[in-house]
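Printed here is data_22.cif (mmCIF, C-alpha atoms):
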```
data_my_file
#
loop_
_atom_site.label_atom_id
_atom_site.label_comp_id
_atom_site.auth_asym_id
_atom_site.auth_seq_id
_atom_site.Cartn_x
_atom_site.Cartn_y
_atom_site.Cartn_z
CA MET A 1 -20.46 10.06 -8.44
CA GLY A 2 -17.04 9.00 -7.17
CA LEU A 3 -14.70 6.71 -9.06
CA THR A 4 -14.92 3.99 -6.40
CA SER A 5 -18.65 4.42 -5.74
CA ASN A 6 -20.88 1.37 -6.15
CA ASN A 7 -23.40 3.65 -7.88
CA THR A 8 -20.84 4.55 -10.54
CA LEU A 9 -20.10 0.90 -11.27
CA VAL A 10 -23.81 -0.02 -11.36
CA ALA A 11 -24.60 2.90 -13.68
CA ALA A 12 -21.82 1.87 -16.09
CA VAL A 13 -22.96 -1.76 -16.16
CA LEU A 14 -26.60 -0.74 -16.73
CA ALA A 15 -25.53 1.61 -19.53
CA ALA A 16 -23.62 -1.23 -21.20
CA LEU A 17 -26.64 -3.55 -20.95
CA LEU A 18 -29.01 -0.90 -22.33
CA LEU A 19 -26.71 -0.20 -25.25
CA PHE A 20 -26.45 -3.91 -26.00
CA VAL A 21 -30.23 -4.34 -25.94
CA GLY A 22 -30.66 -1.18 -27.97
CA THR A 23 -28.18 -2.39 -30.58
CA VAL A 24 -30.01 -5.71 -31.00
CA TRP A 25 -33.38 -3.94 -31.25
CA LEU A 26 -32.29 -1.23 -33.67
CA TRP A 27 -30.02 -3.35 -35.87
CA PRO A 28 -32.76 -4.43 -38.34
CA ARG A 29 -33.74 -0.78 -38.85
CA LEU A 30 -30.12 0.10 -39.58
CA ALA A 31 -29.59 -2.69 -42.10
CA ARG A 32 -29.91 -0.35 -45.09
CA ARG A 33 -26.89 0.88 -47.04
CA SER A 34 -27.49 4.58 -46.58
CA TRP A 35 -24.80 6.64 -44.88
CA ARG A 36 -27.12 7.29 -41.97
CA ALA A 37 -27.71 3.57 -41.41
CA VAL A 38 -23.99 2.79 -41.63
CA GLY A 39 -23.19 5.66 -39.29
CA GLY A 40 -25.84 4.44 -36.85
CA ARG A 41 -24.38 0.93 -36.79
CA VAL A 42 -20.86 2.24 -36.27
CA GLY A 43 -22.05 4.60 -33.51
CA LEU A 44 -23.94 1.89 -31.63
CA LEU A 45 -21.04 -0.56 -31.82
CA LEU A 46 -18.52 2.07 -30.76
CA ALA A 47 -20.66 3.32 -27.86
CA THR A 48 -21.28 -0.23 -26.64
CA GLN A 49 -17.58 -1.09 -26.76
CA VAL A 50 -16.57 2.10 -24.95
CA VAL A 51 -19.12 1.69 -22.17
CA LEU A 52 -18.21 -2.00 -21.81
CA PHE A 53 -14.53 -1.07 -21.54
CA VAL A 54 -15.34 1.56 -18.90
CA SER A 55 -17.41 -0.98 -16.94
CA VAL A 56 -14.58 -3.51 -16.91
CA GLY A 57 -12.11 -0.82 -15.87
CA LEU A 58 -14.35 0.39 -13.05
CA ALA A 59 -14.86 -3.17 -11.84
CA ALA A 60 -11.11 -3.82 -11.83
CA ASN A 61 -10.44 -0.58 -9.95
CA HIS A 62 -13.23 -1.39 -7.49
CA ALA A 63 -11.65 -4.79 -6.80
CA PHE A 64 -8.00 -3.79 -6.67
CA GLY A 65 -8.04 -0.13 -5.62
CA PHE A 66 -5.67 1.28 -8.24
CA TYR A 67 -7.09 4.82 -8.12
CA ALA A 68 -9.04 6.56 -5.37
CA SER A 69 -10.77 9.31 -7.36
CA TRP A 70 -11.26 10.77 -10.82
CA ALA A 71 -8.53 13.31 -10.08
CA ASP A 72 -6.21 10.49 -9.05
CA LEU A 73 -7.00 8.60 -12.27
CA PHE A 74 -6.20 11.58 -14.49
CA GLY A 75 -3.16 12.66 -12.50
CA ARG A 76 -4.84 15.79 -11.14
CA GLU A 77 -5.00 14.91 -7.47
CA THR A 78 -3.98 17.87 -5.34
CA GLY A 79 -4.81 16.63 -1.85
CA GLN A 80 -1.62 14.63 -1.46
CA GLY A 81 1.65 16.11 -2.59
CA VAL A 82 5.07 17.35 -1.64
CA VAL A 83 5.26 20.64 0.21
CA VAL A 84 7.98 22.52 -1.67
CA ASP A 85 8.01 25.64 0.51
CA HIS A 86 10.71 24.69 3.00
CA ALA A 87 10.22 27.90 4.95
CA ALA A 88 6.63 27.01 5.78
CA GLY A 89 5.85 25.82 9.27
CA ILE A 90 4.12 22.69 10.47
CA PRO A 91 0.31 23.14 10.67
CA SER A 92 -0.82 24.43 14.05
CA GLY A 93 -2.28 21.02 14.89
CA GLY A 94 1.15 19.39 14.62
CA PRO A 95 2.70 17.06 12.03
CA LEU A 96 -0.31 14.72 12.25
CA GLN A 97 -3.91 15.85 12.18
CA VAL A 98 -6.97 13.59 12.46
CA ILE A 99 -9.61 14.51 9.88
CA ASP A 100 -12.08 11.63 10.31
CA THR A 101 -12.72 8.58 12.46
CA GLY A 102 -14.39 5.26 11.75
CA LYS A 103 -15.55 2.36 13.88
CA VAL A 104 -14.45 -1.25 13.55
CA GLN A 105 -16.76 -4.12 14.38
CA GLY A 106 -15.33 -6.35 17.05
CA ARG A 107 -16.68 -9.37 18.84
CA GLY A 108 -18.28 -7.07 21.38
CA GLY A 109 -19.78 -4.62 18.92
CA PHE A 110 -18.70 -1.32 17.39
CA ARG A 111 -17.36 0.38 20.52
CA PRO A 112 -13.68 1.41 20.22
CA SER A 113 -12.89 -0.72 23.27
CA SER A 114 -14.36 -3.75 21.46
CA GLY A 115 -13.34 -3.34 17.83
CA GLY A 116 -10.80 -0.57 17.84
CA GLN A 117 -10.90 2.57 15.73
CA ILE A 118 -9.64 3.76 12.34
CA GLU A 119 -8.57 7.39 12.03
CA GLN A 120 -8.00 9.14 8.74
CA VAL A 121 -5.07 11.50 9.18
CA ASP A 122 -2.98 14.04 7.31
CA ILE A 123 0.76 13.88 7.94
CA VAL A 124 3.37 16.53 7.15
CA GLY A 125 7.03 15.58 7.51
CA ARG A 126 9.02 17.95 9.72
CA THR A 127 12.26 17.55 7.77
CA THR A 128 11.13 16.47 4.29
CA ARG A 129 8.03 18.67 4.04
CA ILE A 130 6.23 15.74 2.44
CA ALA A 131 2.47 15.80 3.01
CA THR A 132 0.40 12.64 2.68
CA ARG A 133 -2.79 11.01 3.91
CA ALA A 134 -2.94 7.81 5.94
CA TYR A 135 -5.28 5.59 7.94
CA VAL A 136 -4.32 4.65 11.49
CA TYR A 137 -5.78 1.53 13.11
CA LEU A 138 -5.90 1.66 16.90
CA PRO A 139 -6.59 -1.74 18.51
CA PRO A 140 -9.35 -2.18 21.12
CA GLU A 141 -6.78 -2.34 23.90
CA TYR A 142 -5.79 1.24 23.11
CA PHE A 143 -9.16 2.35 24.54
CA GLN A 144 -9.44 -0.06 27.47
CA PRO A 145 -8.82 1.34 30.97
CA ARG A 146 -6.31 -1.32 31.98
CA TYR A 147 -4.08 -0.33 29.05
CA ARG A 148 -4.38 3.44 29.49
CA THR A 149 -0.67 3.86 30.27
CA ARG A 150 0.57 1.25 27.81
CA THR A 151 2.44 2.05 24.61
CA PHE A 152 2.01 -0.14 21.54
CA PRO A 153 4.27 -1.57 18.84
CA THR A 154 3.55 -0.16 15.41
CA ALA A 155 3.74 -1.27 11.80
CA ALA A 156 3.63 0.94 8.72
CA VAL A 157 1.64 -0.76 5.95
CA LEU A 158 2.22 0.31 2.33
CA THR A 159 0.22 -0.26 -0.83
CA GLY A 160 1.65 -0.97 -4.24
CA TYR A 161 1.80 1.59 -7.04
CA PRO A 162 -0.41 3.45 -7.69
CA GLY A 163 -2.65 1.96 -5.00
CA THR A 164 -4.95 3.66 -2.50
CA ALA A 165 -4.50 3.73 1.25
CA ARG A 166 -8.20 2.97 1.72
CA ALA A 167 -7.75 -0.35 -0.08
CA LEU A 168 -5.56 -1.54 2.81
CA VAL A 169 -8.60 -1.09 5.05
CA ASP A 170 -11.48 -2.16 2.79
CA LYS A 171 -9.99 -4.58 0.26
CA LEU A 172 -7.08 -6.18 2.11
CA GLY A 173 -8.67 -5.94 5.56
CA TYR A 174 -5.58 -5.30 7.68
CA PRO A 175 -7.53 -3.91 10.68
CA ARG A 176 -9.98 -6.81 10.68
CA ALA A 177 -7.20 -9.40 10.44
CA ALA A 178 -5.15 -7.72 13.19
CA GLY A 179 -8.17 -7.49 15.48
CA GLU A 180 -9.11 -11.15 15.04
CA LEU A 181 -5.55 -12.39 15.51
CA ALA A 182 -5.05 -10.32 18.67
CA ALA A 183 -8.42 -11.45 20.06
CA ASP A 184 -7.35 -15.06 19.56
CA GLY A 185 -3.99 -14.42 21.25
CA ARG A 186 -2.02 -15.11 18.07
CA MET A 187 -0.42 -11.65 17.92
CA GLN A 188 0.09 -8.73 20.25
CA PRO A 189 -2.14 -5.66 19.87
CA MET A 190 -0.51 -3.28 17.40
CA ILE A 191 -1.06 0.10 15.83
CA LEU A 192 -1.14 0.01 12.02
CA VAL A 193 -0.33 3.10 9.93
CA MET A 194 -1.66 2.45 6.42
CA LEU A 195 -0.64 4.63 3.48
CA ARG A 196 0.64 4.72 -0.09
CA PRO A 197 4.34 4.82 -0.92
CA THR A 198 3.31 7.30 -3.63
CA VAL A 199 3.74 10.56 -1.73
CA SER A 200 4.06 12.70 -4.88
CA PRO A 201 1.31 11.37 -7.19
CA PRO A 202 1.26 10.45 -9.96
CA ARG A 203 5.04 9.94 -9.74
CA ASP A 204 6.35 6.62 -8.43
CA THR A 205 9.28 7.62 -6.21
CA GLU A 206 10.20 4.04 -5.18
CA CYS A 207 10.80 5.28 -1.61
CA ALA A 208 14.00 7.00 -2.71
CA ASP A 209 15.58 10.31 -1.74
CA ILE A 210 15.51 11.98 -5.16
CA PRO A 211 18.09 14.72 -5.77
CA GLY A 212 16.16 17.95 -6.00
CA GLY A 213 12.89 16.07 -5.47
CA PRO A 214 10.87 14.27 -2.79
CA GLN A 215 12.97 12.82 0.02
CA THR A 216 10.72 9.81 0.31
CA GLU A 217 13.09 7.42 2.08
CA SER A 218 13.83 10.02 4.75
CA PHE A 219 10.10 10.61 5.19
CA PHE A 220 9.43 6.93 5.94
CA ALA A 221 12.60 6.46 7.99
CA LYS A 222 12.27 9.54 10.19
CA ASP A 223 9.30 11.87 9.65
CA LEU A 224 6.52 9.26 9.63
CA PRO A 225 7.55 7.54 12.90
CA ASP A 226 8.12 10.90 14.58
CA ALA A 227 4.71 12.22 13.53
CA VAL A 228 2.90 9.10 14.70
CA ALA A 229 4.80 8.94 17.99
CA ALA A 230 3.99 12.59 18.70
CA HIS A 231 0.26 11.92 18.49
CA TYR A 232 -0.31 8.31 19.65
CA ARG A 233 0.89 6.07 22.47
CA VAL A 234 3.56 4.44 20.34
CA ASP A 235 6.39 2.46 21.90
CA ARG A 236 9.57 4.44 21.20
CA LYS A 237 11.97 1.74 22.37
CA PRO A 238 14.23 0.12 19.71
CA GLY A 239 12.75 -2.84 17.93
CA ARG A 240 9.11 -1.78 18.24
CA TRP A 241 8.45 -0.61 14.67
CA GLY A 242 7.95 -2.82 11.62
CA ILE A 243 6.92 -2.24 8.01
CA ILE A 244 4.81 -4.27 5.57
CA GLY A 245 4.05 -3.70 1.90
CA ASP A 246 2.86 -5.37 -1.27
CA SER A 247 4.46 -5.05 -4.71
CA THR A 248 6.11 -1.59 -4.79
CA GLY A 249 5.29 -1.24 -1.11
CA GLY A 250 6.96 -4.61 -0.54
CA TYR A 251 10.16 -3.41 -2.18
CA CYS A 252 10.00 -0.28 -0.02
CA ALA A 253 9.46 -2.31 3.15
CA LEU A 254 12.49 -4.50 2.51
CA LYS A 255 14.68 -1.53 1.56
CA LEU A 256 13.69 0.51 4.60
CA ALA A 257 14.33 -2.40 6.95
CA LEU A 258 17.76 -3.00 5.36
CA HIS A 259 18.73 0.68 5.33
CA HIS A 260 17.23 1.68 8.69
CA PRO A 261 17.32 -1.27 11.11
CA GLU A 262 17.51 1.20 14.00
CA MET A 263 13.93 2.18 13.10
CA TYR A 264 12.44 -0.93 11.52
CA ALA A 265 13.18 -4.15 13.34
CA ALA A 266 11.27 -6.13 10.71
CA GLY A 267 10.20 -5.65 7.10
CA ALA A 268 7.78 -7.81 5.12
CA GLY A 269 7.66 -7.66 1.31
CA LEU A 270 4.58 -9.32 -0.20
CA SER A 271 5.23 -10.02 -3.89
CA ALA A 272 8.17 -7.64 -3.70
CA TYR A 273 10.86 -6.94 -6.27
CA TYR A 274 14.45 -6.21 -5.34
CA ASN A 275 15.66 -3.29 -7.42
CA ALA A 276 14.05 0.05 -8.25
CA PRO A 277 12.77 0.19 -11.84
CA ALA A 278 13.36 3.11 -14.20
CA ASP A 279 10.35 3.85 -16.40
CA ALA A 280 7.83 6.52 -17.32
CA THR A 281 6.21 6.40 -13.87
CA THR A 282 9.47 6.90 -11.93
CA GLY A 283 11.30 9.38 -14.10
CA ASP A 284 14.99 9.91 -13.34
CA LEU A 285 15.26 8.86 -9.70
CA PHE A 286 19.02 9.21 -9.22
CA HIS A 287 20.19 11.97 -11.59
CA GLY A 288 23.40 10.13 -12.38
CA ASP A 289 24.31 9.49 -8.73
CA LYS A 290 25.76 5.97 -8.75
CA GLY A 291 25.74 5.77 -4.96
CA LEU A 292 21.98 6.38 -4.81
CA ARG A 293 21.39 3.90 -7.62
CA ASP A 294 23.41 1.23 -5.83
CA ARG A 295 21.58 1.77 -2.52
CA ALA A 296 18.26 1.28 -4.29
CA ASN A 297 19.43 -2.14 -5.49
CA LEU A 298 18.85 -4.65 -2.70
CA TRP A 299 21.15 -7.18 -4.36
CA TRP A 300 23.98 -4.64 -4.20
CA CYS A 301 23.17 -3.80 -0.58
CA LEU A 302 23.40 -7.42 0.51
CA LYS A 303 26.75 -7.83 -1.22
CA HIS A 304 28.50 -4.56 -0.36
CA LEU A 305 26.99 -3.13 2.84
CA PRO A 306 27.35 -4.51 6.38
CA ALA A 307 24.47 -6.88 7.13
CA PRO A 308 21.96 -5.09 9.38
CA ASP A 309 20.40 -6.61 12.48
CA THR A 310 16.85 -6.79 11.18
CA SER A 311 14.33 -9.44 10.12
CA LEU A 312 12.90 -9.78 6.63
CA LEU A 313 9.92 -11.71 5.27
CA VAL A 314 9.40 -12.30 1.55
CA THR A 315 6.45 -13.94 -0.19
CA SER A 316 5.83 -15.48 -3.59
CA SER A 317 4.08 -18.40 -5.27
CA LYS A 318 5.40 -21.23 -7.42
CA ALA A 319 2.84 -20.51 -10.12
CA GLY A 320 1.53 -17.05 -10.92
CA GLU A 321 4.11 -14.72 -9.38
CA PRO A 322 6.86 -13.26 -11.60
CA ASN A 323 9.23 -12.82 -8.64
CA TYR A 324 9.42 -16.49 -7.64
CA LYS A 325 12.96 -17.26 -8.86
CA ASP A 326 14.32 -13.93 -7.66
CA THR A 327 12.73 -14.50 -4.26
CA LEU A 328 14.47 -17.84 -3.84
CA LYS A 329 17.79 -16.22 -4.77
CA PHE A 330 17.13 -13.35 -2.38
CA ILE A 331 16.50 -15.79 0.48
CA GLU A 332 19.85 -17.46 -0.16
CA ARG A 333 21.67 -14.12 -0.36
CA VAL A 334 20.25 -13.01 2.98
CA LYS A 335 21.09 -16.35 4.59
CA ASP A 336 24.70 -15.87 3.50
CA THR A 337 24.94 -12.67 5.56
CA ARG A 338 24.51 -14.69 8.79
CA ARG A 339 23.21 -11.59 10.58
CA THR A 340 20.03 -10.50 8.84
CA HIS A 341 17.18 -12.92 9.51
CA ILE A 342 15.02 -14.12 6.62
CA SER A 343 11.64 -15.87 6.52
CA SER A 344 9.31 -16.63 3.65
CA ILE A 345 5.78 -17.54 2.60
CA ILE A 346 5.72 -19.53 -0.64
CA LEU A 347 2.28 -20.47 -1.98
CA GLU A 348 1.69 -23.23 -4.50
CA SER A 349 -0.15 -20.79 -6.76
CA GLY A 350 -1.34 -17.21 -6.64
CA GLY A 351 -1.09 -14.17 -8.87
CA HIS A 352 0.09 -10.63 -8.23
CA ASN A 353 -3.23 -9.48 -6.78
CA PHE A 354 -5.32 -8.75 -3.71
CA ASN A 355 -6.63 -12.29 -3.40
CA THR A 356 -3.10 -13.64 -3.02
CA TRP A 357 -2.09 -10.98 -0.50
CA ARG A 358 -5.22 -11.56 1.59
CA ARG A 359 -4.06 -15.18 1.98
CA GLU A 360 -0.65 -14.00 3.21
CA ILE A 361 -1.66 -11.16 5.52
CA PRO A 362 -2.65 -13.15 8.66
CA ALA A 363 0.65 -15.06 8.73
CA THR A 364 2.54 -11.84 7.95
CA LEU A 365 0.93 -9.99 10.86
CA GLN A 366 1.71 -12.87 13.21
CA TRP A 367 5.30 -12.93 11.99
CA ILE A 368 5.91 -9.20 12.39
CA SER A 369 4.18 -9.13 15.77
CA GLY A 370 6.58 -11.79 17.02
CA ARG A 371 9.57 -9.67 16.02
CA LEU A 372 8.56 -6.38 17.54
CA GLY A 373 9.90 -7.01 21.01
CA ASP A 374 12.57 -5.37 23.12
CA ARG A 375 16.08 -5.64 21.70
#
```
Please render this file's structure as structure tokens.
Amino acid sequence: MGLTSNNTLVAAVLAALLLFVGTVWLWPRLARRSWRAVGGRVGLLLATQVVLFVSVGLAANHAFGFYASWADLFGRETGQGVVVDHAAGIPSGGPLQVIDTGKVQGRGGFRPSSGGQIEQVDIVGRTTRIATRAYVYLPPEYFQPRYRTRTFPTAAVLTGYPGTARALVDKLGYPRAAGELAADGRMQPMILVMLRPTVSPPRDTECADIPGGPQTESFFAKDLPDAVAAHYRVDRKPGRWGIIGDSTGGYCALKLALHHPEMYAAGAGLSAYYNAPADATTGDLFHGDKGLRDRANLWWCLKHLPAPDTSLLVTSSKAGEPNYKDTLKFIERVKDTRRTHISSIILESGGHNFNTWRREIPATLQWISGRLGDR
């Protein structure tokens, strides 16, 4: 059974309940002082605690989508990684290959022209050789005859770390929110490309170009848009791409919009932070290169680099979010540039979790839709 399967979670919970009942029933028989009785009590208590811990962990992963599979959990995932053979060619199907499709329920049913379509794709970067999996949401208009020659604005949507791309579809509901907003006329129809910023799992690359390692920033700035535009009817004109992310993905979204305004006209960071961390998950990102370290620090960028012509959105909450004070300072720093545009969503309360981000997503999609126009 899969890590995110409902059957796995139910089996773990039932096992915990059975062990609890079994412990209560057997406890009187194990009340003696023999080594067997003591060992039995210790074994029952230990087994119950372990299964209870596993159940809580599975429930948390089911709710928040930290890991997609057992291999992902134990750092053994091989389906998504960095292609290190630079002499290898792009797969015969091109830099983007569709491997599965799914329907979306719209107000007129499950037809693509009513609810849109979600395609699971594999992407290989032409220049970075990075290979990753993503989900592409195509709005209903994409399949309607009157729009058959139309190109669409596009937003990349990133998870946090470690995160799963599927959580953006199932848990955070980006396609559903975008479809409802567009149907109500509150945003323009858009293509969403949903993926993890973790392109070399289990390492957290913080969307950086790592010396001798994954060129993650270049992948998101160049290879990803090129691959998507080569396969879908994406608007290639300036100002028609945006990027959204939460937590680590939020930091990446802000950084990419600041560093590459020619590609990303808008970047939204939900519960973002503003400087790349250095810890066991990231490893040595910069290998002593001060220039790379400075560029990864958004505070430094705002102070020392020319202000780009892009729009940023940041979110936080007055109670529950650790980035609240930094977010207020970041807003003021961006305002001082007088060129980069800044907007914000500040909730009264809300933690660093899916429930908070679900409350911010509709307004975020409306905001980014309004900024993806012709420049």
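Against the coordinates shown, the PyMOL selection byres ((chain A and resi 152) around 9) returns Tyr142, Arg150, Thr151, Pro153, Thr154, Gln188, Pro189, Met190, Ile191, Tyr232, Arg233, Val234, Asp235, Arg236 and Arg240 of chain A.
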May I ask for the distance between atom CA of Leu138 of chain A and atom CA of Glu119 of chain A, given in Å to one decimal place? 8.0 Å
A straight line from atom CA of Arg333 of chain A to atom CA of Gly351 of chain A spans 24.3 Å
Quick one: apply the PyMOL selection byres ((chain A and resi 287) around 12) to the file and drop the selected residues here as a list in words. Ala208, Asp209, Ile210, Pro211, Gly212, Gly213, Ala278, Thr282, Gly283, Asp284, Leu285, Phe286, Gly288, Asp289, Lys290, Gly291, Leu292 and Arg293 of chain A
Please work out which residues fall within 12 Å of (-17.9, 3.3, -25.2), coordinates as given in the file, with all atoms listed in the file counting, and return them as an MDAnalysis selection string. chainID A and resid 12:13 15:17 19:20 42:57
Among listed residues A:Pro112, A:Gly267, A:Pro306, A:Pro322, nearest Ser343 of chain A (using all atoms listed in the file): A:Gly267
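For the set A:Gly320, A:Pro362, A:Pro139, A:Gly249, the residue with the smallest atom-to-atom gap to Gly173 of chain A is A:Pro362, counting only C-alpha atoms.
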Near Thr216 of chain A, counting only C-alpha atoms, which residues have an atom at most 9 Å away, once you skip same-chain residues fewer than 4 positions from it, shown as a ChimeraX atom specification? /A:128,130,197-200,205-210,220-221
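For the structure shown here, the set of residues caught by the PyMOL selection byres ((chain A and resi 166) around 9) is Gly65, Ala68, Ala134, Tyr135, Gly163, Thr164, Ala165, Ala167, Leu168, Val169, Asp170, Lys171, Met194 and Leu195 of chain A.
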Counting all atoms listed in the file, closest pick from A:Leu365, A:Gly116, A:Asp246, A:Glu321 relative to Ala178 of chain A is A:Leu365
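When the distance limit is 9 Å and only C-alpha atoms are what count, the residues near Pro261 of chain A, minus those fewer than 5 positions from it on the same chain, are A:Gly239, A:Leu256, A:Ala266, A:Pro308, A:Asp309, A:Thr310, A:Ser311.
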Neighbours of Lys103 of chain A within 12 Å (all atoms listed in the file; same-chain residues fewer than 2 positions away dropped), as a ChimeraX atom specification? /A:100-101,105-106,109-120,136-140,169,175-176
Any idea what the distance is between atom CA of Arg133 of chain A and atom CA of Leu254 of chain A? 21.8 Å
